[in-house]
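> Below you'll find the structure I mean.
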Amino acid sequence: MVQESAGQSSLTEASQPPIIEPGHTFSSVTDKISSVVLIQRTSRGWFLGFGLAFLLLILLLFALTVLVFTGIGIWGNNIPVGWAFEIVGFVWWIGIGHAGTLISAILLLLRQEWRTSINRFAEAMTLFAVACAAIYPAFHVGRPWLAYWLFPYPNTMGTWPQFRSPLIWDVFAVSTYATVSLLFWFVGLIPDLATLRDRAQKRLPRVVYGMLAMGWRGSARHWHRYETAYLLLAGLSTPLVLSVHTIVSFDFAVSIIPGWHATIFPPYFVAGAIFAGFAMVLILAIPIRRIYGLEDFITMRHLENMAKIILVTGLIVAYGYMMEAFTAWYSANPYEGYMILNRMKGPYAPFYWALIACNALTPQVFWLKRMRTSIPVLFAVALVVSIGMWLERFIIIVTSLHRDFLPSSWRMYYPTVFDFATFIGTIGLFVSLLFLFVRFLPMISIFEMRTILPQAKVEERS
Amino acid sequence: MKRRTTIYGLIAEFDGPGSLVAAAHRARQAGYRRMDGYSPYPIEELSEAMGFHHTRLPLIVLTGGILGGIGGYLLQYWVSVIEYPMNIGGRPLNSWPSFIPVTFETTVLLAALAAVFGMLGLNGLPMPYHPVFNVPRFALASRDRFFLCIEAADPKFDREATMQFLKTLEPRNVSEVPH
């Protein structure tokens, strides 16, 4: 029975396109990935791309500096829309980060070997996205130099955080998520840092990578504990990633605002996060594999699998949109009913219908294999989905707030130049960090690529 | 005794994972215990061949998780009930359902910290110096070569006899590991 199923799985395995092109050896995999960091000259394109991203990063620093000197009045949010671009950006970035953890942890536990070539930069993407996300709440408090008040610590004011508030849950969820993602990423890097240390020709990289590798020598005893630790971290990250976006959705769902107070929020937010995250992985993977010639490692099978995940999570998100409308009608609550009509026909209606077109309709093209395997289509749909997910958060947050229970307090929300500058600036931060990452660290996990080579298997000897 | 201090051990280099695992098997059968294999990626069969199955790491992680969970809950209990009691919507001071999310996060946080620092601690990392790095060819252990090192501290170790034994395992070459 066991043999039968094993034979079957290898059969389906053979009929699918490979996760690594044939003909590679331990040394070719090692040399190809490490040469990007150690040998290849930094291209003009890299400097151009990094320069552009760095300009946007300067824009972020400028917007935040003005904010610190003036106050959050430079943003467009004001009562009743107390939360706007800043929380939209926060939720958007956190959601993008989730695909990295999903790829590195959940797909590892599910033994999806194809994850191997994309997990490293997806994890990097997670870290950088969380860094971008963290900027928003830290600066929205108005006095960011006092942001540490969010944490419980004995202080001379004699006060403590309110643990019944979802906002304090968020502090714990996001800081835990950032810490665990960093640890997971770094643990995954240790053996590769040792490879870079051993392969570096110049003294400076050898010393720096050597210090970071901490004396890793590939000992069998070490690998044994390493594998255990890695698996346990994956097991811990899996519920963690689900909890983080659940808690982010609690920021809304625990309140009584129409349009927020819904039990569908946690699963709907988690699915939306994975949806947006995989779109971002595609946006990054498609140019990276092309520029660095990594088509052998990030194959069509990877891209197609990601398209399938986008299709599935897109359907869950579409179900969420339908359920929002259904519960608004079925609850017979006039405020809920008005909220959904206002979304569909009110002043922000074009954004609502744009989000439906982006998130619910566009991914349906992935039912066709021809679309799933066309790189321009994949890239375009991924971009559309990213925009759609940003619009989704905008609609959820702004339309629910701008017309609440009392018509006398209704007010339109318009973003200011600083709202846009901050958002575009975080994209600059994200892209700058990614450019530094692909230049200085192996963007594909070298040691895990070695394990998926056919010659890595130990044949049974009698 | 003098001989032991002069070298750390003898190291044999192999081409593939299969020959390293076979060599580790035979070295164990020959009675060697103080030895270690070095490979560019984890090989499950190698751990079995060298005879270590058990690691305390899961226990350390479990302890970390339990401490994190209890600590997180107690922190919230102490803050909300003892140090800074506040009536929020008439809820009990120990409103435990509200304390679950933070308790969960601290559980995961401490367990993950225990996993990483436990792994590094048990492995004795960071370790800036180790004798195997004195072998020039050992740099390939992080690329495409597989090594088996029998340490001089092994009671059965004898410079000539062990060298002869390693050569019977069909390695690419065998070299001494100076201290």
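Residues in the structure tokens are numbered from 1 in each chain, the chains being A, B, ... in the order shown, and ligands are numbered from 1 in the order shown.
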As a tab-separated table (two decimals) with N, CA and C atoms, in the first residue's frame, please: the residues near Phe151 in chain A (cut-off 9 Å, only C-alpha atoms, same-chain neighbours under 3 positions excluded).

```tsv
chain	number	residue	atom	x	y	z
A	147	ALA	N	6.71	56.06	21.47
A	147	ALA	CA	5.99	54.86	21.04
A	147	ALA	C	6.23	53.68	21.98
A	148	TYR	N	7.33	53.71	22.74
A	148	TYR	CA	7.58	52.59	23.66
A	148	TYR	C	6.56	52.54	24.78
A	160	TRP	N	-0.38	51.42	33.06
A	160	TRP	CA	-0.11	50.18	32.34
A	160	TRP	C	-0.99	50.13	31.11
A	161	PRO	N	-0.58	49.37	30.07
A	161	PRO	CA	-1.44	49.25	28.89
A	161	PRO	C	-2.76	48.54	29.23
A	168	ILE	N	-3.61	46.82	21.70
A	168	ILE	CA	-2.44	46.32	22.44
A	168	ILE	C	-2.16	44.87	22.02
A	171	VAL	N	0.06	45.19	19.11
A	171	VAL	CA	1.46	45.47	19.44
A	171	VAL	C	2.20	44.16	19.68
A	172	PHE	N	1.57	43.27	20.45
A	172	PHE	CA	2.22	41.99	20.75
A	172	PHE	C	2.29	41.12	19.49
```
> Which residues in range 2-175 of chain B does DSSP call helix (DSSP H, G or I)? List them as an MDAnalysis selection string.
chainID B and resid 2:6 17:29 44:50 57:83 96:122 131:134 136:142 159:167
> When you look at Arg370 in chain A with a cut-off of 12 Å (counting only C-alpha atoms), what residues show up, excluding the ones that are within fewer than 6 positions of it in the same chain? I need them as a compact mmCIF listing (two decimals) with all heavy atoms, in the first residue's frame.

```
# COMPACT_ATOMS: atom_id res chain seq x y z
N MET A 300 8.72 27.67 -14.38
CA MET A 300 7.32 27.95 -14.69
C MET A 300 6.40 27.29 -13.67
O MET A 300 5.34 27.80 -13.36
CB MET A 300 7.04 27.42 -16.10
CG MET A 300 5.93 28.14 -16.78
SD MET A 300 5.87 29.85 -16.31
CE MET A 300 5.58 30.63 -17.75
N GLU A 304 3.30 29.04 -11.86
CA GLU A 304 1.95 28.52 -12.05
C GLU A 304 1.32 28.17 -10.71
O GLU A 304 0.14 28.46 -10.46
CB GLU A 304 1.99 27.30 -12.97
CG GLU A 304 0.64 27.00 -13.57
CD GLU A 304 0.60 25.70 -14.34
OE1 GLU A 304 1.65 25.23 -14.79
OE2 GLU A 304 -0.51 25.15 -14.47
N ALA A 307 0.09 31.21 -9.12
CA ALA A 307 -1.13 31.68 -9.76
C ALA A 307 -2.34 30.90 -9.22
O ALA A 307 -3.41 31.48 -8.99
CB ALA A 307 -1.03 31.52 -11.27
N PRO A 376 3.71 37.75 -18.96
CA PRO A 376 3.09 39.09 -18.92
C PRO A 376 1.75 39.09 -18.20
O PRO A 376 1.46 40.01 -17.41
CB PRO A 376 2.93 39.46 -20.40
CG PRO A 376 3.87 38.59 -21.14
CD PRO A 376 4.03 37.34 -20.35
N VAL A 377 0.93 38.05 -18.43
CA VAL A 377 -0.37 38.00 -17.75
C VAL A 377 -0.17 37.86 -16.24
O VAL A 377 -0.82 38.55 -15.45
CB VAL A 377 -1.22 36.83 -18.32
CG1 VAL A 377 -2.48 36.64 -17.49
CG2 VAL A 377 -1.56 37.09 -19.77
N LEU A 378 0.74 36.97 -15.84
CA LEU A 378 0.99 36.78 -14.40
C LEU A 378 1.39 38.10 -13.76
O LEU A 378 0.89 38.47 -12.69
CB LEU A 378 2.11 35.77 -14.20
CG LEU A 378 1.77 34.30 -14.41
CD1 LEU A 378 3.04 33.48 -14.48
CD2 LEU A 378 0.89 33.81 -13.28
```
> When you get a sec, could you note down which chain A residues fall within 6 Å of chain B, using only C-alpha atoms, as a ChimeraX atom specification?
/A:26-27,164,169,173,176,195,198,214-215,218-220,222-223,229,447,458
> Let's have the selection written as a PDB file, in the first residue's frame, with N, CA and C atoms.

```
ATOM      1  N   PHE A  26      25.780  19.890  -7.091  1.00  0.00           N
ATOM      2  CA  PHE A  26      25.962  20.659  -5.855  1.00  0.00           C
ATOM      3  C   PHE A  26      26.785  21.907  -6.135  1.00  0.00           C
ATOM      4  N   SER A  27      27.851  21.735  -6.923  1.00  0.00           N
ATOM      5  CA  SER A  27      28.738  22.879  -7.132  1.00  0.00           C
ATOM      6  C   SER A  27      28.101  23.907  -8.057  1.00  0.00           C
ATOM      7  N   ARG A 164      -7.347  44.707  27.391  1.00  0.00           N
ATOM      8  CA  ARG A 164      -8.615  44.315  26.765  1.00  0.00           C
ATOM      9  C   ARG A 164      -8.774  44.974  25.400  1.00  0.00           C
ATOM     10  N   TRP A 169      -3.211  44.131  21.631  1.00  0.00           N
ATOM     11  CA  TRP A 169      -2.964  42.782  21.066  1.00  0.00           C
ATOM     12  C   TRP A 169      -2.123  42.914  19.813  1.00  0.00           C
ATOM     13  N   ALA A 173       1.207  41.115  18.698  1.00  0.00           N
ATOM     14  CA  ALA A 173       1.192  40.253  17.512  1.00  0.00           C
ATOM     15  C   ALA A 173       2.252  40.698  16.519  1.00  0.00           C
ATOM     16  N   THR A 176       5.891  40.265  17.883  1.00  0.00           N
ATOM     17  CA  THR A 176       6.260  38.846  17.880  1.00  0.00           C
ATOM     18  C   THR A 176       6.512  38.379  16.456  1.00  0.00           C
ATOM     19  N   THR A 195      28.721  29.183   3.487  1.00  0.00           N
ATOM     20  CA  THR A 195      29.156  28.972   2.105  1.00  0.00           C
ATOM     21  C   THR A 195      29.810  30.231   1.561  1.00  0.00           C
ATOM     22  N   ASP A 198      33.250  30.671   2.973  1.00  0.00           N
ATOM     23  CA  ASP A 198      34.250  29.779   2.392  1.00  0.00           C
ATOM     24  C   ASP A 198      34.554  30.113   0.937  1.00  0.00           C
ATOM     25  N   MET A 214      28.841  32.539  12.272  1.00  0.00           N
ATOM     26  CA  MET A 214      29.066  32.110  13.652  1.00  0.00           C
ATOM     27  C   MET A 214      29.851  30.806  13.758  1.00  0.00           C
ATOM     28  N   GLY A 215      30.648  30.494  12.759  1.00  0.00           N
ATOM     29  CA  GLY A 215      31.452  29.279  12.854  1.00  0.00           C
ATOM     30  C   GLY A 215      30.719  28.026  12.426  1.00  0.00           C
ATOM     31  N   GLY A 218      28.807  22.738   9.223  1.00  0.00           N
ATOM     32  CA  GLY A 218      28.086  21.655   8.556  1.00  0.00           C
ATOM     33  C   GLY A 218      28.220  20.321   9.248  1.00  0.00           C
ATOM     34  N   SER A 219      28.493  20.354  10.561  1.00  0.00           N
ATOM     35  CA  SER A 219      28.634  19.105  11.301  1.00  0.00           C
ATOM     36  C   SER A 219      27.302  18.362  11.339  1.00  0.00           C
ATOM     37  N   ALA A 220      27.379  17.031  11.267  1.00  0.00           N
ATOM     38  CA  ALA A 220      26.153  16.229  11.252  1.00  0.00           C
ATOM     39  C   ALA A 220      25.337  16.439  12.521  1.00  0.00           C
ATOM     40  N   HIS A 222      25.273  19.154  14.277  1.00  0.00           N
ATOM     41  CA  HIS A 222      24.644  20.479  14.156  1.00  0.00           C
ATOM     42  C   HIS A 222      23.437  20.427  13.232  1.00  0.00           C
ATOM     43  N   TRP A 223      23.602  19.764  12.077  1.00  0.00           N
ATOM     44  CA  TRP A 223      22.490  19.676  11.130  1.00  0.00           C
ATOM     45  C   TRP A 223      21.281  19.030  11.773  1.00  0.00           C
ATOM     46  N   ALA A 229      15.204  22.411  14.872  1.00  0.00           N
ATOM     47  CA  ALA A 229      14.854  23.797  15.190  1.00  0.00           C
ATOM     48  C   ALA A 229      14.070  24.426  14.048  1.00  0.00           C
ATOM     49  N   PHE A 447      21.607  25.846   0.464  1.00  0.00           N
ATOM     50  CA  PHE A 447      21.680  24.488   1.008  1.00  0.00           C
ATOM     51  C   PHE A 447      20.385  23.724   0.764  1.00  0.00           C
ATOM     52  N   VAL A 458      20.373   9.576  -0.572  1.00  0.00           N
ATOM     53  CA  VAL A 458      21.275   8.476  -0.244  1.00  0.00           C
ATOM     54  C   VAL A 458      20.595   7.185  -0.660  1.00  0.00           C
TER      55      VAL A 458
END
```
> Which polymer residues have any atom within 10 Å of an atom of Arg143 in chain A, counting only C-alpha atoms, with same-chain residues fewer than 6 positions away left out, as a PyMOL selection string?
chain A and resi 67-69+71-72
> List every residue of range 27-135 of chain B that DSSP, applied to the backbone of this structure, places in strand (DSSP E), and write the result as a ChimeraX atom specification.
/B:35-38
> Save out the residues we just selected, N, CA and C atoms, as a PDB file, in the first residue's frame.

```pdb
ATOM      1  N   MET B  35      33.468  10.906  16.551  1.00  0.00           N
ATOM      2  CA  MET B  35      33.669  11.301  15.160  1.00  0.00           C
ATOM      3  C   MET B  35      32.513  12.208  14.754  1.00  0.00           C
ATOM      4  N   ASP B  36      32.693  12.877  13.627  1.00  0.00           N
ATOM      5  CA  ASP B  36      31.625  13.750  13.149  1.00  0.00           C
ATOM      6  C   ASP B  36      31.672  13.787  11.626  1.00  0.00           C
ATOM      7  N   GLY B  37      30.489  13.897  11.036  1.00  0.00           N
ATOM      8  CA  GLY B  37      30.409  14.030   9.580  1.00  0.00           C
ATOM      9  C   GLY B  37      30.140  15.483   9.240  1.00  0.00           C
ATOM     10  N   TYR B  38      30.626  15.896   8.089  1.00  0.00           N
ATOM     11  CA  TYR B  38      30.404  17.278   7.661  1.00  0.00           C
ATOM     12  C   TYR B  38      29.856  17.258   6.241  1.00  0.00           C
TER      13      TYR B  38
END
```
> Go through A:Val281, A:Ala99, A:Val312, A:Ala133 and flag the residue nearest Gln364 in chain A, using only C-alpha atoms for the distances.
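The answer is A:Val312, which sits nearest to Gln364 in chain A.
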> For a test of reading the model, state the distance in Å between CA of Ile356 in chain A and CA of Phe275 in chain A, rounded to one decimal.
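Between these atoms lies a distance of 13.9 Å.
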> For Asp404 in chain A, list every protein, DNA or RNA residue within 9 Å, evaluated using only C-alpha atoms, and leave out those in the same chain fewer than 6 positions away; present the list as a ChimeraX atom specification.
/A:80,257-258,335,339,410
> Store the residues of this selection in a file with N, CA, C and O atoms, as a CSV table (one decimal), in the first residue's frame.

```
chain,number,residue,atom,x,y,z
A,80,PRO,N,-14.8,62.3,11.4
A,80,PRO,CA,-14.9,61.0,11.9
A,80,PRO,C,-14.0,60.0,11.3
A,80,PRO,O,-13.9,58.8,11.8
A,257,ILE,N,-18.5,49.6,14.8
A,257,ILE,CA,-18.7,50.4,13.6
A,257,ILE,C,-19.4,49.5,12.6
A,257,ILE,O,-18.9,48.4,12.3
A,258,PRO,N,-20.5,49.9,11.9
A,258,PRO,CA,-21.1,49.1,10.8
A,258,PRO,C,-20.0,48.9,9.7
A,258,PRO,O,-19.3,49.8,9.3
A,335,TYR,N,-28.2,50.4,10.0
A,335,TYR,CA,-26.9,51.0,9.8
A,335,TYR,C,-26.0,50.1,8.9
A,335,TYR,O,-25.2,50.6,8.1
A,339,MET,N,-24.6,51.1,5.3
A,339,MET,CA,-23.1,51.0,5.0
A,339,MET,C,-22.8,50.3,3.7
A,339,MET,O,-22.1,50.9,2.9
A,410,TRP,N,-21.2,63.2,9.6
A,410,TRP,CA,-20.7,62.7,8.3
A,410,TRP,C,-19.7,63.7,7.7
A,410,TRP,O,-19.8,64.9,7.8
```
> Considering only C-alpha atoms, state which residue in the set A:Tyr268, A:Tyr413, A:Phe121, A:Tyr319 is at the smallest distance from Phe437 in chain A.
A:Phe121
